[in-house]
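> Hey, dropping coords-v6.cif in here, mmCIF, C-alpha atoms and all ligand atoms:
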```
data_final
#
loop_
_atom_site.label_atom_id
_atom_site.label_comp_id
_atom_site.auth_asym_id
_atom_site.auth_seq_id
_atom_site.Cartn_x
_atom_site.Cartn_y
_atom_site.Cartn_z
CA MET A 11 134.77 77.31 87.20
CA THR A 12 131.60 78.42 85.43
CA GLN A 13 130.40 81.95 86.06
CA PRO A 14 127.22 82.06 88.17
CA ARG A 15 124.34 83.20 85.96
CA ASN A 16 122.30 86.34 86.40
CA LYS A 17 119.05 85.80 88.29
CA VAL A 18 116.46 88.47 89.13
CA VAL A 19 113.47 87.59 91.31
CA ILE A 20 110.88 90.23 92.23
CA PHE A 21 108.64 89.49 95.19
CA LEU A 22 105.20 91.04 94.81
CA GLY A 23 102.39 91.16 97.36
CA PRO A 24 100.65 93.43 99.84
CA PRO A 25 102.14 94.58 103.16
CA GLY A 26 102.36 91.61 105.52
CA ALA A 27 102.17 88.97 102.76
CA GLY A 28 105.51 87.46 103.78
CA LYS A 29 107.76 88.93 101.07
CA GLY A 30 110.62 89.75 103.44
CA THR A 31 110.40 86.42 105.29
CA GLN A 32 110.38 84.28 102.14
CA ALA A 33 112.88 86.41 100.21
CA GLU A 34 115.36 86.04 103.07
CA ARG A 35 115.25 82.24 102.93
CA LEU A 36 115.33 82.04 99.14
CA ALA A 37 118.30 84.41 99.04
CA ARG A 38 120.19 82.28 101.57
CA GLU A 39 119.50 79.00 99.81
CA GLU A 40 120.09 80.27 96.27
CA GLY A 41 123.09 82.51 96.91
CA LEU A 42 121.22 85.65 95.92
CA THR A 43 121.43 89.16 97.38
CA LYS A 44 118.18 90.36 98.93
CA ILE A 45 117.47 94.03 98.38
CA SER A 46 114.71 95.20 100.71
CA THR A 47 113.90 98.85 100.09
CA GLY A 48 111.92 99.04 103.35
CA ASP A 49 114.96 97.81 105.33
CA ILE A 50 117.27 100.23 103.53
CA LEU A 51 114.96 103.18 104.25
CA ARG A 52 114.44 102.15 107.92
CA ASP A 53 118.22 101.93 108.31
CA HIS A 54 118.54 105.53 107.07
CA VAL A 55 115.81 106.60 109.50
CA ALA A 56 117.57 104.84 112.42
CA ARG A 57 120.91 106.46 111.55
CA GLU A 58 119.19 109.83 111.10
CA THR A 59 120.89 110.45 107.76
CA GLU A 60 119.65 113.30 105.58
CA LEU A 61 117.66 110.80 103.54
CA GLY A 62 116.33 109.22 106.73
CA GLN A 63 115.05 112.54 108.02
CA ARG A 64 113.38 113.26 104.70
CA VAL A 65 111.58 109.91 104.37
CA ARG A 66 110.67 109.30 108.02
CA PRO A 67 107.27 111.08 107.92
CA LEU A 68 106.32 109.08 104.83
CA LEU A 69 107.19 105.71 106.43
CA ASP A 70 105.38 106.71 109.64
CA ALA A 71 102.27 107.55 107.62
CA GLY A 72 102.39 104.45 105.39
CA GLN A 73 102.89 106.54 102.26
CA LEU A 74 105.32 105.76 99.44
CA VAL A 75 108.69 107.48 99.19
CA PRO A 76 109.15 109.39 95.87
CA ASP A 77 110.18 107.29 92.87
CA ASP A 78 113.38 109.23 92.12
CA ILE A 79 114.82 108.40 95.56
CA LEU A 80 114.10 104.68 95.20
CA ILE A 81 115.35 104.47 91.63
CA ALA A 82 118.65 106.17 92.57
CA LEU A 83 119.10 103.73 95.48
CA ILE A 84 118.51 100.68 93.30
CA ARG A 85 120.75 102.02 90.54
CA ALA A 86 123.60 102.32 93.07
CA TYR A 87 123.07 98.77 94.40
CA LEU A 88 122.94 97.20 90.94
CA ALA A 89 126.01 99.09 89.75
CA GLU A 90 128.15 97.07 92.17
CA MET A 91 126.70 93.69 91.24
CA GLU A 92 128.39 91.30 88.82
CA PRO A 93 126.80 88.90 88.08
CA VAL A 94 123.34 90.24 88.88
CA ARG A 95 121.89 87.68 91.32
CA VAL A 96 119.23 89.48 93.27
CA ILE A 97 115.85 89.26 94.98
CA PHE A 98 113.84 92.45 95.26
CA ASP A 99 111.60 92.77 98.32
CA GLY A 100 109.37 95.86 98.22
CA PHE A 101 110.60 97.20 94.88
CA PRO A 102 109.24 98.11 92.39
CA ARG A 103 106.04 99.60 93.85
CA THR A 104 104.88 101.91 91.07
CA GLY A 105 104.74 101.78 87.29
CA ALA A 106 107.58 104.32 87.08
CA GLN A 107 109.77 102.15 89.34
CA ALA A 108 109.01 99.02 87.28
CA GLN A 109 109.91 100.77 84.02
CA ALA A 110 113.11 102.19 85.50
CA LEU A 111 114.09 98.75 86.80
CA ASP A 112 113.51 97.20 83.37
CA MET A 113 115.80 99.80 81.81
CA LEU A 114 118.52 99.23 84.41
CA LEU A 115 118.30 95.46 83.96
CA GLU A 116 118.43 95.82 80.19
CA GLU A 117 121.62 97.89 80.47
CA LEU A 118 123.10 95.09 82.61
CA GLY A 119 121.86 92.30 80.32
CA ALA A 120 120.01 90.71 83.26
CA PRO A 121 116.31 90.27 82.50
CA VAL A 122 113.68 89.48 85.15
CA THR A 123 113.62 85.73 85.90
CA ALA A 124 110.27 85.61 87.74
CA ALA A 125 107.92 87.69 89.88
CA PRO A 126 106.22 85.57 92.56
CA LEU A 127 103.06 87.18 93.95
CA LEU A 128 102.12 86.18 97.52
CA GLU A 129 98.35 86.20 97.90
CA VAL A 130 96.89 86.60 101.41
CA PRO A 131 93.42 87.86 102.46
CA ASP A 132 93.30 91.46 103.76
CA GLU A 133 92.26 90.69 107.34
CA LEU A 134 95.04 88.12 107.82
CA LEU A 135 97.55 90.70 106.57
CA ILE A 136 96.44 93.18 109.21
CA GLU A 137 96.58 90.46 111.90
CA ARG A 138 100.16 89.54 110.96
CA ILE A 139 101.35 93.15 111.00
CA VAL A 140 99.65 94.04 114.28
CA GLU A 141 100.96 90.81 115.85
CA ARG A 142 104.52 91.65 114.77
CA GLY A 143 104.20 95.02 116.50
CA ARG A 144 102.75 93.38 119.62
CA GLN A 145 105.51 90.77 119.82
CA ALA A 146 108.31 93.28 119.30
CA ALA A 147 106.89 95.45 122.10
CA ALA A 148 106.56 92.43 124.41
CA ARG A 149 110.23 91.55 123.83
CA GLY A 150 111.32 95.13 124.38
CA GLU A 151 112.46 95.44 120.74
CA ALA A 152 111.99 98.43 118.45
CA VAL A 153 108.46 98.46 117.00
CA ARG A 154 108.08 99.53 113.38
CA SER A 155 106.24 102.85 113.35
CA ASP A 156 103.95 101.53 110.59
CA ASP A 157 102.98 98.31 112.41
CA THR A 158 99.80 99.74 113.95
CA GLU A 159 96.38 98.73 112.66
CA GLU A 160 95.62 102.24 111.43
CA VAL A 161 98.83 102.62 109.42
CA ALA A 162 98.66 99.01 108.20
CA ARG A 163 95.23 99.73 106.70
CA ARG A 164 96.59 102.84 105.00
CA ARG A 165 99.51 100.80 103.60
CA GLN A 166 96.96 98.34 102.22
CA GLN A 167 95.11 101.18 100.53
CA VAL A 168 98.31 102.60 99.06
CA TYR A 169 99.19 99.11 97.82
CA ARG A 170 95.82 98.77 96.08
CA GLU A 171 96.10 102.12 94.38
CA GLN A 172 99.77 102.24 93.41
CA THR A 173 101.31 98.77 93.47
CA GLN A 174 98.56 96.31 92.55
CA PRO A 175 98.64 97.46 88.88
CA LEU A 176 102.13 95.94 88.67
CA ILE A 177 100.53 92.50 88.78
CA ASP A 178 99.23 93.11 85.26
CA TYR A 179 102.59 94.60 84.24
CA TYR A 180 104.47 91.41 85.15
CA ALA A 181 101.69 89.10 83.97
CA ALA A 182 101.83 90.72 80.52
CA ARG A 183 105.56 89.97 80.36
CA GLY A 184 105.10 86.34 81.42
CA HIS A 185 106.96 86.80 84.74
CA LEU A 186 104.09 86.52 87.22
CA ARG A 187 103.86 83.43 89.47
CA GLN A 188 100.80 83.45 91.74
CA VAL A 189 101.44 81.76 95.10
CA ASP A 190 98.99 81.06 97.93
CA GLY A 191 100.57 82.87 100.88
CA VAL A 192 98.35 81.31 103.55
CA GLY A 193 99.79 78.46 105.62
CA THR A 194 102.97 77.87 107.56
CA MET A 195 106.12 79.61 106.41
CA ASP A 196 107.50 76.24 105.25
CA GLU A 197 104.37 75.52 103.22
CA VAL A 198 104.49 78.90 101.52
CA TYR A 199 108.20 78.50 100.83
CA ALA A 200 107.63 75.10 99.20
CA ARG A 201 104.98 76.66 96.94
CA ILE A 202 107.37 79.43 95.95
CA ARG A 203 110.09 76.91 95.05
CA GLN A 204 107.60 75.00 92.96
CA ALA A 205 106.36 78.15 91.23
CA LEU A 206 109.93 79.16 90.39
CA GLY A 207 110.59 75.71 88.88
P1 LIG B 1 108.33 97.57 103.47
O1 LIG B 1 109.32 97.41 104.53
O2 LIG B 1 108.62 97.05 102.10
O3 LIG B 1 106.99 96.97 104.03
P2 LIG B 1 105.71 96.26 103.32
O4 LIG B 1 105.90 95.76 101.95
O5 LIG B 1 104.63 97.27 103.47
O6 LIG B 1 105.45 95.04 104.13
P3 LIG B 1 106.02 94.22 105.33
O7 LIG B 1 107.49 94.29 105.47
O8 LIG B 1 105.20 94.59 106.51
O9 LIG B 1 105.53 92.82 104.83
P4 LIG B 1 106.17 91.62 104.03
O10 LIG B 1 105.32 91.27 102.86
O11 LIG B 1 107.64 91.81 103.77
O12 LIG B 1 105.95 90.49 105.10
P5 LIG B 1 106.93 89.97 106.25
O13 LIG B 1 107.78 88.88 105.71
O14 LIG B 1 107.60 91.16 106.88
O15 LIG B 1 107.95 99.14 103.27
C1 LIG B 1 107.77 99.99 104.36
C2 LIG B 1 107.64 101.43 103.87
O16 LIG B 1 108.86 101.84 103.21
C3 LIG B 1 106.55 101.73 102.83
O17 LIG B 1 105.28 101.94 103.44
C4 LIG B 1 107.10 102.98 102.16
O18 LIG B 1 106.89 104.13 102.97
C5 LIG B 1 108.58 102.70 102.10
N1 LIG B 1 109.01 102.01 100.87
C6 LIG B 1 109.62 100.78 100.81
N2 LIG B 1 109.86 100.45 99.53
C7 LIG B 1 109.39 101.47 98.77
C8 LIG B 1 109.33 101.68 97.36
N3 LIG B 1 109.79 100.77 96.48
N4 LIG B 1 108.76 102.83 96.92
C9 LIG B 1 108.31 103.76 97.78
N5 LIG B 1 108.32 103.62 99.12
C10 LIG B 1 108.86 102.47 99.62
O19 LIG B 1 105.86 89.33 107.23
C11 LIG B 1 104.98 90.12 107.97
C12 LIG B 1 104.71 89.43 109.33
O20 LIG B 1 104.01 88.22 109.09
C13 LIG B 1 106.01 89.03 110.08
O21 LIG B 1 105.82 89.18 111.45
C14 LIG B 1 106.19 87.56 109.71
O22 LIG B 1 106.87 86.85 110.71
C15 LIG B 1 104.74 87.10 109.59
N6 LIG B 1 104.57 86.01 108.61
C16 LIG B 1 105.16 85.91 107.38
N7 LIG B 1 104.76 84.78 106.78
C17 LIG B 1 103.88 84.17 107.62
C18 LIG B 1 103.13 82.96 107.55
N8 LIG B 1 103.18 82.14 106.49
N9 LIG B 1 102.33 82.65 108.60
C19 LIG B 1 102.27 83.47 109.70
N10 LIG B 1 102.96 84.62 109.83
C20 LIG B 1 103.76 84.97 108.80
#
```
Translate this structure into structure tokens?
Ligand code: AP5


Amino acid sequence: MTQPRNKVVIFLGPPGAGKGTQAERLAREEGLTKISTGDILRDHVARETELGQRVRPLLDAGQLVPDDILIALIRAYLAEMEPVRVIFDGFPRTGAQAQALDMLLEELGAPVTAAPLLEVPDELLIERIVERGRQAAARGEAVRSDDTEEVARRRQQVYREQTQPLIDYYAARGHLRQVDGVGTMDEVYARIRQALG
């Protein structure tokens, strides 16, 4: 049997662009592991671990968690992976995270395959996030503390200042794949598949 090859996909895009939704489906269909840093951090908050208690105020406020915490988390996840077949959702989010990830991947001999960027207008992003909060509340489910309009707008601002520069970072390395993120989930997924070739 041939060994499955390394594959590293990095989903880029603002809060609410559909990264988690699309990464989930691609991971299922391609046999990849989805690493969502937001999910990992929310799980720590829910379990009230030491890390969870430390990061909770940052998540509530829509601010980024310090780079060293995220880089240590990702290092631990990748250390257990052979071959490296992974989709990142929500990581990297700063230049320091992107550089650290490149170094980790180089050590593992698993370069970035592609970085799809989901593009969605700002107001639609806010609508999607607020709607998710509304629906969760209506169903009696836990509502994400950052799914209010006020925090969603702050997350957008943080994205613009700290994460948007990564678009140039991945474009310069030939990894960027721009994808129109407006339309049904199936339509967006089909565009991602096409962009990944
Ligand atoms: P994280 O959990 O990563 O959240 P986010 O990136 O801000 O965005 P979302 O999860 O809201 O959006 P998404 O793009 O995944 O879209 P989704 O598929 O969910 O981060 C949360 C926090 O954790 C950060 O603020 C920070 O504090 C911390 N953190 C995480 N990673 C970090 C890092 N690397 N460094 C530092 N701090 C970090 O879709 C959104 C909604 O839209 C859903 O309801 C979905 O059903 C709907 N939707 C999706 N696609 C469509 C479509 N085509 N049409 C209609 N609705 C759609």

> Would you mind listing, for every residue of chain A within 8 Å of ligand LIG 1 (chain B), the two atoms forming the shortest contact and the distance between them in Å to one decimal, using all atoms listed in the file, sorted by chain and ascending residue number, as a tab-separated table?


```
residue	atom	partner	partner_atom	distance
A:Gly23	CA	B:LIG1	O10	6.2
A:Pro24	CA	B:LIG1	O10	6.0
A:Pro25	CA	B:LIG1	O6	3.5
A:Gly26	CA	B:LIG1	O9	3.5
A:Ala27	CA	B:LIG1	O10	3.9
A:Gly28	CA	B:LIG1	O13	3.3
A:Lys29	CA	B:LIG1	O10	3.8
A:Gly30	CA	B:LIG1	O11	3.6
A:Thr31	CA	B:LIG1	O13	3.6
A:Gln32	CA	B:LIG1	O13	6.4
A:Ala33	CA	B:LIG1	O13	7.9
A:Ser46	CA	B:LIG1	O2	6.5
A:Thr47	CA	B:LIG1	N2	4.4
A:Gly48	CA	B:LIG1	O1	3.3
A:Asp49	CA	B:LIG1	O1	5.7
A:Leu51	CA	B:LIG1	O16	6.3
A:Arg52	CA	B:LIG1	O16	7.3
A:Val65	CA	B:LIG1	O18	7.6
A:Leu68	CA	B:LIG1	O18	5.3
A:Leu69	CA	B:LIG1	O18	3.8
A:Asp70	CA	B:LIG1	O18	7.3
A:Ala71	CA	B:LIG1	O18	7.4
A:Gly72	CA	B:LIG1	O17	4.3
A:Gln73	CA	B:LIG1	O18	4.7
A:Leu74	CA	B:LIG1	N5	3.7
A:Val75	CA	B:LIG1	N5	3.9
A:Pro76	CA	B:LIG1	C9	6.0
A:Asp77	CA	B:LIG1	N4	6.2
A:Leu80	CA	B:LIG1	N4	5.9
A:Asp99	CA	B:LIG1	O2	6.4
A:Gly100	CA	B:LIG1	O2	4.1
A:Phe101	CA	B:LIG1	N3	4.0
A:Pro102	CA	B:LIG1	N3	4.9
A:Arg103	CA	B:LIG1	N3	4.7
A:Thr104	CA	B:LIG1	N4	7.1
A:Gln107	CA	B:LIG1	N3	7.3
A:Leu135	CA	B:LIG1	O20	7.4
A:Arg138	CA	B:LIG1	O20	4.5
A:Ile139	CA	B:LIG1	C12	5.3
A:Glu141	CA	B:LIG1	O21	6.8
A:Arg142	CA	B:LIG1	O21	4.3
A:Gly143	CA	B:LIG1	O21	7.9
A:Asp156	CA	B:LIG1	O17	7.3
A:Asp157	CA	B:LIG1	O8	7.3
A:Ala162	CA	B:LIG1	O5	7.8
A:Arg165	CA	B:LIG1	O17	5.9
A:Gln166	CA	B:LIG1	O5	7.8
A:Gly191	CA	B:LIG1	N8	6.2
A:Val192	CA	B:LIG1	N8	5.7
A:Gly193	CA	B:LIG1	N8	5.1
A:Thr194	CA	B:LIG1	N8	4.4
A:Met195	CA	B:LIG1	N8	3.9
A:Asp196	CA	B:LIG1	N8	7.4
A:Glu197	CA	B:LIG1	N8	7.5
A:Val198	CA	B:LIG1	N8	6.1
```

> Would you export the selected residues with C-alpha atoms as a short mmCIF file (atom, residue, chain, number, x, y, z; two decimals), in the frame of the given file, please?


```cif
data_model
loop_
_atom_site.label_atom_id
_atom_site.label_comp_id
_atom_site.auth_asym_id
_atom_site.auth_seq_id
_atom_site.Cartn_x
_atom_site.Cartn_y
_atom_site.Cartn_z
CA GLY A 23 102.39 91.16 97.36
CA PRO A 24 100.65 93.43 99.84
CA PRO A 25 102.14 94.58 103.16
CA GLY A 26 102.36 91.61 105.52
CA ALA A 27 102.17 88.97 102.76
CA GLY A 28 105.51 87.46 103.78
CA LYS A 29 107.76 88.93 101.07
CA GLY A 30 110.62 89.75 103.44
CA THR A 31 110.40 86.42 105.29
CA GLN A 32 110.38 84.28 102.14
CA ALA A 33 112.88 86.41 100.21
CA SER A 46 114.71 95.20 100.71
CA THR A 47 113.90 98.85 100.09
CA GLY A 48 111.92 99.04 103.35
CA ASP A 49 114.96 97.81 105.33
CA LEU A 51 114.96 103.18 104.25
CA ARG A 52 114.44 102.15 107.92
CA VAL A 65 111.58 109.91 104.37
CA LEU A 68 106.32 109.08 104.83
CA LEU A 69 107.19 105.71 106.43
CA ASP A 70 105.38 106.71 109.64
CA ALA A 71 102.27 107.55 107.62
CA GLY A 72 102.39 104.45 105.39
CA GLN A 73 102.89 106.54 102.26
CA LEU A 74 105.32 105.76 99.44
CA VAL A 75 108.69 107.48 99.19
CA PRO A 76 109.15 109.39 95.87
CA ASP A 77 110.18 107.29 92.87
CA LEU A 80 114.10 104.68 95.20
CA ASP A 99 111.60 92.77 98.32
CA GLY A 100 109.37 95.86 98.22
CA PHE A 101 110.60 97.20 94.88
CA PRO A 102 109.24 98.11 92.39
CA ARG A 103 106.04 99.60 93.85
CA THR A 104 104.88 101.91 91.07
CA GLN A 107 109.77 102.15 89.34
CA LEU A 135 97.55 90.70 106.57
CA ARG A 138 100.16 89.54 110.96
CA ILE A 139 101.35 93.15 111.00
CA GLU A 141 100.96 90.81 115.85
CA ARG A 142 104.52 91.65 114.77
CA GLY A 143 104.20 95.02 116.50
CA ASP A 156 103.95 101.53 110.59
CA ASP A 157 102.98 98.31 112.41
CA ALA A 162 98.66 99.01 108.20
CA ARG A 165 99.51 100.80 103.60
CA GLN A 166 96.96 98.34 102.22
CA GLY A 191 100.57 82.87 100.88
CA VAL A 192 98.35 81.31 103.55
CA GLY A 193 99.79 78.46 105.62
CA THR A 194 102.97 77.87 107.56
CA MET A 195 106.12 79.61 106.41
CA ASP A 196 107.50 76.24 105.25
CA GLU A 197 104.37 75.52 103.22
CA VAL A 198 104.49 78.90 101.52
#
```

> In Å, how far is it from CA of Ala124 in chain A to CA of Asp53 in chain A?

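Distance reported for this atom pair: 27.4 Å.
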
> Which of these, A:Gln63, A:Thr123, A:Asn16, A:Thr43, has the shortest distance to Arg183 in chain A once you count only C-alpha atoms?

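Ranking A:Gln63, A:Thr123, A:Asn16, A:Thr43 by distance to Arg183 in chain A, first place goes to A:Thr123.
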
> For each of A:Val161, A:Ala37, A:Leu61, A:Leu176, take the minimum atom-to-atom distance to Val140 in chain A, counting only C-alpha atoms, then give the residue where this is smallest.

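Checking each of A:Val161, A:Ala37, A:Leu61, A:Leu176 against Val140 in chain A, counting only C-alpha atoms, the winner is A:Val161.
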
> Any chance you could work out the axis-aligned box around range 120-124 of chain A, listed atoms only, 3 Å on each side, giving centre and edge lengths in Å to one decimal, as JSON?


```
{"center_x": 115.1, "center_y": 88.2, "center_z": 85.1, "size_x": 15.7, "size_y": 11.1, "size_z": 11.2}
```

> Can you work out the spacing between CA of Arg164 in chain A and CA of Ile202 in chain A in Å, to one decimal?

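Answer for the CA of Arg164 in chain A to CA of Ile202 in chain A separation: 27.3 Å.
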
> What is the CA of Leu118 in chain A to CA of Thr173 in chain A distance in Å?

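Separating CA of Leu118 in chain A from CA of Thr173 in chain A is a distance of 24.6 Å.
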
> Restricting the calculation to all atoms listed in the file: of A:Gln188, A:Glu159, A:Met91, A:Ala152, which residue gets closest to Glu137 in chain A?

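Of the candidates, the smallest distance to Glu137 in chain A is held by A:Glu159.
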
> Pick the closest to Pro126 in chain A from A:His54, A:Arg15, A:Arg187, A:Arg203: which is it, counting all atoms listed in the file?

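Counting all atoms listed in the file, the residue closest to Pro126 in chain A is A:Arg187.
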
> Quick one: everything within 12 Å of His185 in chain A, counting all atoms listed in the file, minus sequence neighbours fewer than 3 positions away in the same chain. Send it as a list in words.

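What passes the distance filter is Val18, Val19, Ile20, Phe21, Leu22, Pro121, Val122, Thr123, Ala124, Ala125, Pro126, Leu127, Leu176, Ile177, Asp178, Tyr179, Tyr180, Ala181, Ala182, Gln188, Ala205 and Leu206 of chain A.
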
> Of the residues A:Asp132, A:Gly150, A:Glu90, A:Ala108, which is the one nearest to Tyr169 in chain A, using all atoms listed in the file?

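Once distances to Tyr169 in chain A are computed over all atoms listed in the file, the minimum belongs to A:Asp132.
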
> Hey, what's within 12 Å of Glu117 in chain A if we count all atoms listed in the file and toss same-chain stuff fewer than 4 positions away? As a PDB file with C-alpha atoms, in the frame of the given file, please?


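Printed below is out19.pdb as written:
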```
ATOM      1  CA  ARG A  85     120.750 102.020  90.540  1.00  0.00           C
ATOM      2  CA  LEU A  88     122.940  97.200  90.940  1.00  0.00           C
ATOM      3  CA  ALA A  89     126.010  99.090  89.750  1.00  0.00           C
ATOM      4  CA  VAL A  94     123.340  90.240  88.880  1.00  0.00           C
ATOM      5  CA  ALA A 110     113.110 102.190  85.500  1.00  0.00           C
ATOM      6  CA  LEU A 111     114.090  98.750  86.800  1.00  0.00           C
ATOM      7  CA  ASP A 112     113.510  97.200  83.370  1.00  0.00           C
ATOM      8  CA  MET A 113     115.800  99.800  81.810  1.00  0.00           C
ATOM      9  CA  PRO A 121     116.310  90.270  82.500  1.00  0.00           C
TER      10      PRO A 121
END
```

> For Pro131 in chain A, which residue out of A:Glu151, A:Glu171, A:Asp190, A:Glu58 is the nearest one, using only C-alpha atoms?

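Among the listed residues, the smallest separation from Pro131 in chain A belongs to A:Asp190.
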